[in-house]
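Asker: First the structure, then my questions, so here it is.
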Amino acid sequence: MLHLAIVNGPNLNLLGIREPHIYGSQSFEHYFKQLAQRFPLVHLHCYQSNVEGELINYLHSCMGKVQGIILNAGAYTHTSIAIADAVAGIGLPVIEVHISNVLAREEYRKTSFIAAKCVGSISGLGVDGYALAVQYFIDTLASKTP
Ligand code: DQA
């Protein structure tokens, strides 16, 4: 079975409440249930933290546990060399996801320390960016998974 981790960074626990005109009005828990139903043959692990070091520890813990990671590092995307180093260090394919189109927003959101360490990035497609990333991993990894 394909095991994937969805890792959400700071303030993404507030999805549904936080700036709904940018991030939508659906909680991540609600969306995650739909996602799990949509991909019944994939085991989706889900983790959220507002703390940089906890995100790094979780990324490390993914080694040997999952085959791919979908990472929305929130604002740490634009600041964290440490998370970028973790992504580079764990040797797992990571897809960067952003719900909003970070390139169409403030200048400081246009830099991602993480993007260059990832397989690719999805930005601006709403929460469905997570589903697109899952589908990518199914298409590219499922045949390699025992
Ligand atoms: C975000 C974009 C980031 O710039 C922001 O800090 C977030 C959410 C997104 O999903 O659009 O927290 O990663």
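Each chain in the structure tokens gets a letter, A, B and so on, in the order shown; residues start at 1 in every chain, and ligands are counted from 1 in the order they appear.
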What do you get as a ChimeraX atom specification if you pick all residues at most 9 Å from ligand 1, counting only C-alpha atoms and all ligand atoms?
Answerer: /A:8-12,22-23,72-78,96-102,105-106,108-110,123-124,126-127
Asker: Give me the residues within 8 Å of Cys62 of chain A as a list of chain:residue names, counting only C-alpha atoms and dropping any in the same chain fewer than 4 places off.
Answerer: A:Ala5, A:Tyr58, A:Val66
Asker: Return as a PyMOL selection string the full set of residues in segment 42-95 of chain A whose backbone-based DSSP assignment is strand (DSSP E).
Answerer: chain A and resi 42-48+68-72+94-95
Asker: Any chance you can output those residues with all heavy atoms as a JSON list (two decimals), in the first residue's frame?
Answerer:
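As written to disk, again_12.json reads:
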[["chain", "number", "residue", "atom", "x", "y", "z"],
["A", 42, "VAL", "N", -4.85, 4.49, -0.70],
["A", 42, "VAL", "CA", -3.64, 5.16, -0.20],
["A", 42, "VAL", "C", -3.81, 5.39, 1.29],
["A", 42, "VAL", "O", -4.87, 5.81, 1.75],
["A", 42, "VAL", "CB", -3.44, 6.53, -0.91],
["A", 42, "VAL", "CG1", -2.19, 7.22, -0.40],
["A", 42, "VAL", "CG2", -3.37, 6.35, -2.42],
["A", 43, "HIS", "N", -2.75, 5.09, 2.05],
["A", 43, "HIS", "CA", -2.78, 5.41, 3.48],
["A", 43, "HIS", "C", -2.22, 6.82, 3.64],
["A", 43, "HIS", "O", -1.04, 7.06, 3.42],
["A", 43, "HIS", "CB", -1.96, 4.40, 4.27],
["A", 43, "HIS", "CG", -2.11, 4.57, 5.75],
["A", 43, "HIS", "ND1", -2.52, 3.56, 6.59],
["A", 43, "HIS", "CD2", -1.93, 5.66, 6.54],
["A", 43, "HIS", "CE1", -2.58, 4.03, 7.83],
["A", 43, "HIS", "NE2", -2.22, 5.30, 7.82],
["A", 44, "LEU", "N", -3.10, 7.76, 4.00],
["A", 44, "LEU", "CA", -2.68, 9.15, 4.16],
["A", 44, "LEU", "C", -2.41, 9.44, 5.63],
["A", 44, "LEU", "O", -3.31, 9.35, 6.46],
["A", 44, "LEU", "CB", -3.77, 10.09, 3.63],
["A", 44, "LEU", "CG", -4.05, 10.06, 2.13],
["A", 44, "LEU", "CD1", -5.29, 10.88, 1.80],
["A", 44, "LEU", "CD2", -2.84, 10.56, 1.34],
["A", 45, "HIS", "N", -1.18, 9.76, 5.94],
["A", 45, "HIS", "CA", -0.81, 10.19, 7.30],
["A", 45, "HIS", "C", -0.92, 11.72, 7.30],
["A", 45, "HIS", "O", -0.56, 12.36, 6.33],
["A", 45, "HIS", "CB", 0.63, 9.80, 7.62],
["A", 45, "HIS", "CG", 0.89, 8.33, 7.47],
["A", 45, "HIS", "ND1", 1.09, 7.49, 8.54],
["A", 45, "HIS", "CD2", 0.98, 7.55, 6.36],
["A", 45, "HIS", "CE1", 1.30, 6.27, 8.11],
["A", 45, "HIS", "NE2", 1.24, 6.26, 6.79],
["A", 46, "CYS", "N", -1.38, 12.28, 8.39],
["A", 46, "CYS", "CA", -1.56, 13.72, 8.42],
["A", 46, "CYS", "C", -0.95, 14.32, 9.67],
["A", 46, "CYS", "O", -1.13, 13.77, 10.77],
["A", 46, "CYS", "CB", -3.06, 14.00, 8.38],
["A", 46, "CYS", "SG", -3.41, 15.71, 8.04],
["A", 47, "TYR", "N", -0.21, 15.39, 9.49],
["A", 47, "TYR", "CA", 0.45, 16.02, 10.65],
["A", 47, "TYR", "C", 0.42, 17.53, 10.47],
["A", 47, "TYR", "O", 0.64, 18.04, 9.37],
["A", 47, "TYR", "CB", 1.91, 15.55, 10.74],
["A", 47, "TYR", "CG", 2.66, 16.14, 11.92],
["A", 47, "TYR", "CD1", 2.46, 15.64, 13.20],
["A", 47, "TYR", "CD2", 3.53, 17.20, 11.73],
["A", 47, "TYR", "CE1", 3.14, 16.19, 14.29],
["A", 47, "TYR", "CE2", 4.22, 17.75, 12.81],
["A", 47, "TYR", "CZ", 4.02, 17.24, 14.08],
["A", 47, "TYR", "OH", 4.67, 17.79, 15.15],
["A", 48, "GLN", "N", 0.13, 18.23, 11.57],
["A", 48, "GLN", "CA", 0.19, 19.70, 11.54],
["A", 48, "GLN", "C", 0.91, 20.18, 12.78],
["A", 48, "GLN", "O", 0.71, 19.65, 13.89],
["A", 48, "GLN", "CB", -1.24, 20.29, 11.51],
["A", 48, "GLN", "CG", -1.32, 21.79, 11.25],
["A", 48, "GLN", "CD", -1.11, 22.67, 12.49],
["A", 48, "GLN", "OE1", -1.42, 22.26, 13.60],
["A", 48, "GLN", "NE2", -0.58, 23.86, 12.30],
["A", 68, "GLY", "N", 6.18, 9.19, 0.08],
["A", 68, "GLY", "CA", 6.17, 10.56, -0.44],
["A", 68, "GLY", "C", 5.52, 11.50, 0.57],
["A", 68, "GLY", "O", 4.74, 11.07, 1.43],
["A", 69, "ILE", "N", 5.85, 12.78, 0.44],
["A", 69, "ILE", "CA", 5.36, 13.78, 1.39],
["A", 69, "ILE", "C", 4.77, 14.96, 0.63],
["A", 69, "ILE", "O", 5.34, 15.43, -0.37],
["A", 69, "ILE", "CB", 6.50, 14.28, 2.30],
["A", 69, "ILE", "CG1", 7.05, 13.12, 3.13],
["A", 69, "ILE", "CG2", 6.03, 15.42, 3.21],
["A", 69, "ILE", "CD1", 8.28, 13.46, 3.95],
["A", 70, "ILE", "N", 3.64, 15.43, 1.11],
["A", 70, "ILE", "CA", 2.99, 16.63, 0.58],
["A", 70, "ILE", "C", 3.12, 17.68, 1.68],
["A", 70, "ILE", "O", 2.60, 17.50, 2.78],
["A", 70, "ILE", "CB", 1.52, 16.33, 0.23],
["A", 70, "ILE", "CG1", 1.46, 15.25, -0.86],
["A", 70, "ILE", "CG2", 0.78, 17.60, -0.20],
["A", 70, "ILE", "CD1", 0.14, 14.53, -0.96],
["A", 71, "LEU", "N", 3.85, 18.74, 1.38],
["A", 71, "LEU", "CA", 4.23, 19.69, 2.43],
["A", 71, "LEU", "C", 3.71, 21.09, 2.13],
["A", 71, "LEU", "O", 4.05, 21.69, 1.10],
["A", 71, "LEU", "CB", 5.77, 19.74, 2.54],
["A", 71, "LEU", "CG", 6.38, 20.81, 3.44],
["A", 71, "LEU", "CD1", 5.95, 20.61, 4.90],
["A", 71, "LEU", "CD2", 7.91, 20.79, 3.34],
["A", 72, "ASN", "N", 2.88, 21.58, 3.03],
["A", 72, "ASN", "CA", 2.53, 23.00, 3.02],
["A", 72, "ASN", "C", 3.14, 23.59, 4.28],
["A", 72, "ASN", "O", 2.59, 23.45, 5.38],
["A", 72, "ASN", "CB", 1.01, 23.20, 3.00],
["A", 72, "ASN", "CG", 0.64, 24.68, 2.89],
["A", 72, "ASN", "OD1", 1.49, 25.56, 3.06],
["A", 72, "ASN", "ND2", -0.63, 24.96, 2.62],
["A", 94, "VAL", "N", 9.21, 15.07, -2.13],
["A", 94, "VAL", "CA", 8.30, 16.00, -1.45],
["A", 94, "VAL", "C", 7.67, 16.91, -2.51],
["A", 94, "VAL", "O", 8.37, 17.42, -3.40],
["A", 94, "VAL", "CB", 9.06, 16.85, -0.41],
["A", 94, "VAL", "CG1", 8.13, 17.87, 0.25],
["A", 94, "VAL", "CG2", 9.70, 15.95, 0.66],
["A", 95, "ILE", "N", 6.37, 17.11, -2.40],
["A", 95, "ILE", "CA", 5.68, 18.09, -3.24],
["A", 95, "ILE", "C", 5.26, 19.25, -2.34],
["A", 95, "ILE", "O", 4.65, 19.04, -1.28],
["A", 95, "ILE", "CB", 4.44, 17.49, -3.93],
["A", 95, "ILE", "CG1", 4.86, 16.36, -4.86],
["A", 95, "ILE", "CG2", 3.69, 18.57, -4.72],
["A", 95, "ILE", "CD1", 3.69, 15.66, -5.53]]
Asker: With only C-alpha atoms as the basis for distance, which of A:Ile114, A:Met63, A:Leu15, A:Ile81 is at the shortest distance from Tyr31 of chain A?
Answerer: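 Ranked by minimum distance to Tyr31 of chain A, first place goes to A:Leu15.
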Asker: Just list the residues in segment 40-101 of chain A DSSP gives helix (DSSP H, G or I) on the backbone, as a PyMOL selection string.
Answerer: chain A and resi 52-61+74-78+81-90
Asker: From the options A:Ala115, A:Ala104, A:Ile6, A:Val134, which residue's atoms come nearest to Asp85 of chain A, counting only C-alpha atoms?
Answerer: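 Under the stated criterion, the closest residue is A:Ala115.
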Asker: Considering only C-alpha atoms, state which residue in the set A:Ser121, A:Gln67, A:Ser80, A:Asn50 is at the smallest distance from Leu141 of chain A.
Answerer: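 Under the stated criterion, the closest residue is A:Gln67.
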Asker: Please list as a list in words every residue within 10 Å of Ile138 of chain A, counting only C-alpha atoms and excluding residues in the same chain fewer than 2 positions away.
Answerer: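 Those residues are Leu2, His3, Leu4, Phe39, Leu41, Val42, Gly68, Leu132, Ala133, Val134, Gln135, Tyr136, Thr140, Leu141, Ala142, Ser143, Lys144 and Thr145 of chain A.
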Asker: Residues as selected, all heavy atoms, written as a tab-separated table (two decimals), in the first residue's frame, can you do that?
Answerer:
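File produced: again-v4.tsv:
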chain	number	residue	atom	x	y	z
A	2	LEU	N	0.45	2.23	-0.74
A	2	LEU	CA	1.18	3.50	-0.79
A	2	LEU	C	0.90	4.33	0.46
A	2	LEU	O	-0.25	4.59	0.80
A	2	LEU	CB	0.74	4.26	-2.05
A	2	LEU	CG	1.40	5.59	-2.35
A	2	LEU	CD1	2.91	5.43	-2.58
A	2	LEU	CD2	0.75	6.25	-3.56
A	3	HIS	N	1.97	4.70	1.15
A	3	HIS	CA	1.83	5.57	2.33
A	3	HIS	C	2.35	6.96	1.98
A	3	HIS	O	3.50	7.10	1.53
A	3	HIS	CB	2.64	5.01	3.50
A	3	HIS	CG	2.03	3.81	4.14
A	3	HIS	ND1	1.44	3.85	5.38
A	3	HIS	CD2	1.90	2.54	3.69
A	3	HIS	CE1	0.97	2.64	5.68
A	3	HIS	NE2	1.25	1.83	4.67
A	4	LEU	N	1.52	7.96	2.20
A	4	LEU	CA	1.92	9.35	1.95
A	4	LEU	C	1.66	10.18	3.21
A	4	LEU	O	0.71	9.91	3.94
A	4	LEU	CB	1.10	9.95	0.81
A	4	LEU	CG	1.19	9.27	-0.55
A	4	LEU	CD1	0.21	9.92	-1.54
A	4	LEU	CD2	2.62	9.33	-1.11
A	39	PHE	N	-9.29	8.59	-2.10
A	39	PHE	CA	-8.12	7.73	-2.39
A	39	PHE	C	-8.07	6.57	-1.40
A	39	PHE	O	-7.16	6.49	-0.57
A	39	PHE	CB	-6.83	8.56	-2.31
A	39	PHE	CG	-6.75	9.66	-3.33
A	39	PHE	CD1	-6.94	10.98	-2.97
A	39	PHE	CD2	-6.50	9.38	-4.68
A	39	PHE	CE1	-6.87	12.01	-3.91
A	39	PHE	CE2	-6.42	10.39	-5.62
A	39	PHE	CZ	-6.60	11.70	-5.24
A	41	LEU	N	-7.20	3.60	-1.57
A	41	LEU	CA	-6.09	2.64	-1.64
A	41	LEU	C	-4.77	3.25	-1.17
A	41	LEU	O	-3.73	2.60	-1.23
A	41	LEU	CB	-5.94	2.11	-3.07
A	41	LEU	CG	-7.18	1.38	-3.61
A	41	LEU	CD1	-6.95	0.87	-5.02
A	41	LEU	CD2	-7.57	0.22	-2.68
A	42	VAL	N	-4.85	4.49	-0.70
A	42	VAL	CA	-3.64	5.16	-0.20
A	42	VAL	C	-3.81	5.39	1.29
A	42	VAL	O	-4.87	5.81	1.75
A	42	VAL	CB	-3.44	6.53	-0.91
A	42	VAL	CG1	-2.19	7.22	-0.40
A	42	VAL	CG2	-3.37	6.35	-2.42
A	68	GLY	N	6.18	9.19	0.08
A	68	GLY	CA	6.17	10.56	-0.44
A	68	GLY	C	5.52	11.50	0.57
A	68	GLY	O	4.74	11.07	1.43
A	132	LEU	N	-4.26	16.83	-5.97
A	132	LEU	CA	-3.44	16.71	-7.18
A	132	LEU	C	-2.08	16.11	-6.86
A	132	LEU	O	-1.53	15.32	-7.63
A	132	LEU	CB	-3.29	18.09	-7.84
A	132	LEU	CG	-4.60	18.66	-8.40
A	132	LEU	CD1	-4.45	20.14	-8.74
A	132	LEU	CD2	-5.03	17.87	-9.62
A	133	ALA	N	-1.56	16.49	-5.69
A	133	ALA	CA	-0.27	15.94	-5.28
A	133	ALA	C	-0.40	14.44	-4.97
A	133	ALA	O	0.48	13.64	-5.35
A	133	ALA	CB	0.25	16.69	-4.06
A	134	VAL	N	-1.49	14.04	-4.32
A	134	VAL	CA	-1.71	12.60	-4.05
A	134	VAL	C	-1.77	11.85	-5.38
A	134	VAL	O	-1.13	10.81	-5.55
A	134	VAL	CB	-3.02	12.37	-3.24
A	134	VAL	CG1	-3.34	10.88	-3.15
A	134	VAL	CG2	-2.91	12.98	-1.84
A	135	GLN	N	-2.53	12.40	-6.33
A	135	GLN	CA	-2.66	11.73	-7.63
A	135	GLN	C	-1.30	11.60	-8.32
A	135	GLN	O	-0.99	10.56	-8.91
A	135	GLN	CB	-3.63	12.51	-8.53
A	135	GLN	CG	-3.98	11.79	-9.82
A	135	GLN	CD	-4.66	10.44	-9.58
A	135	GLN	OE1	-5.68	10.37	-8.91
A	135	GLN	NE2	-4.08	9.36	-10.11
A	136	TYR	N	-0.47	12.64	-8.20
A	136	TYR	CA	0.88	12.57	-8.80
A	136	TYR	C	1.66	11.40	-8.20
A	136	TYR	O	2.30	10.62	-8.91
A	136	TYR	CB	1.63	13.89	-8.58
A	136	TYR	CG	3.08	13.78	-9.01
A	136	TYR	CD1	3.44	14.00	-10.34
A	136	TYR	CD2	4.07	13.40	-8.10
A	136	TYR	CE1	4.76	13.86	-10.74
A	136	TYR	CE2	5.39	13.25	-8.50
A	136	TYR	CZ	5.73	13.48	-9.82
A	136	TYR	OH	7.03	13.32	-10.22
A	140	THR	N	3.16	8.08	-10.02
A	140	THR	CA	4.61	7.88	-10.15
A	140	THR	C	5.18	6.83	-9.19
A	140	THR	O	6.24	6.28	-9.46
A	140	THR	CB	5.38	9.21	-9.90
A	140	THR	OG1	5.04	9.71	-8.61
A	140	THR	CG2	5.04	10.24	-10.96
A	141	LEU	N	4.48	6.58	-8.07
A	141	LEU	CA	5.05	5.69	-7.06
A	141	LEU	C	4.35	4.36	-6.91
A	141	LEU	O	4.96	3.40	-6.46
A	141	LEU	CB	5.03	6.36	-5.67
A	141	LEU	CG	5.90	7.59	-5.45
A	141	LEU	CD1	5.68	8.12	-4.04
A	141	LEU	CD2	7.37	7.25	-5.66
A	142	ALA	N	3.04	4.31	-7.26
A	142	ALA	CA	2.27	3.11	-6.94
A	142	ALA	C	2.90	1.85	-7.53
A	142	ALA	O	2.96	0.81	-6.87
A	142	ALA	CB	0.83	3.26	-7.40
A	143	SER	N	3.43	1.95	-8.75
A	143	SER	CA	4.00	0.76	-9.38
A	143	SER	C	5.29	0.33	-8.70
A	143	SER	O	5.72	-0.82	-8.82
A	143	SER	CB	4.26	1.05	-10.86
A	143	SER	OG	5.16	2.14	-10.95
A	144	LYS	N	5.93	1.24	-7.91
A	144	LYS	CA	7.18	0.89	-7.26
A	144	LYS	C	6.96	0.40	-5.83
A	144	LYS	O	7.89	0.09	-5.11
A	144	LYS	CB	8.09	2.12	-7.20
A	144	LYS	CG	8.51	2.63	-8.55
A	144	LYS	CD	9.39	3.87	-8.37
A	144	LYS	CE	9.51	4.63	-9.67
A	144	LYS	NZ	9.85	6.02	-9.48
A	145	THR	N	5.69	0.44	-5.36
A	145	THR	CA	5.40	0.13	-3.96
A	145	THR	C	4.99	-1.34	-3.82
A	145	THR	O	4.14	-1.81	-4.57
A	145	THR	CB	4.25	1.03	-3.46
A	145	THR	OG1	4.64	2.37	-3.72
A	145	THR	CG2	4.00	0.85	-1.98
Asker: In Å, how far is it from atom CA of Asp128 of chain A to atom CA of Leu35 of chain A?
Answerer: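 Separating atom CA of Asp128 of chain A from atom CA of Leu35 of chain A is a distance of 9.0 Å.
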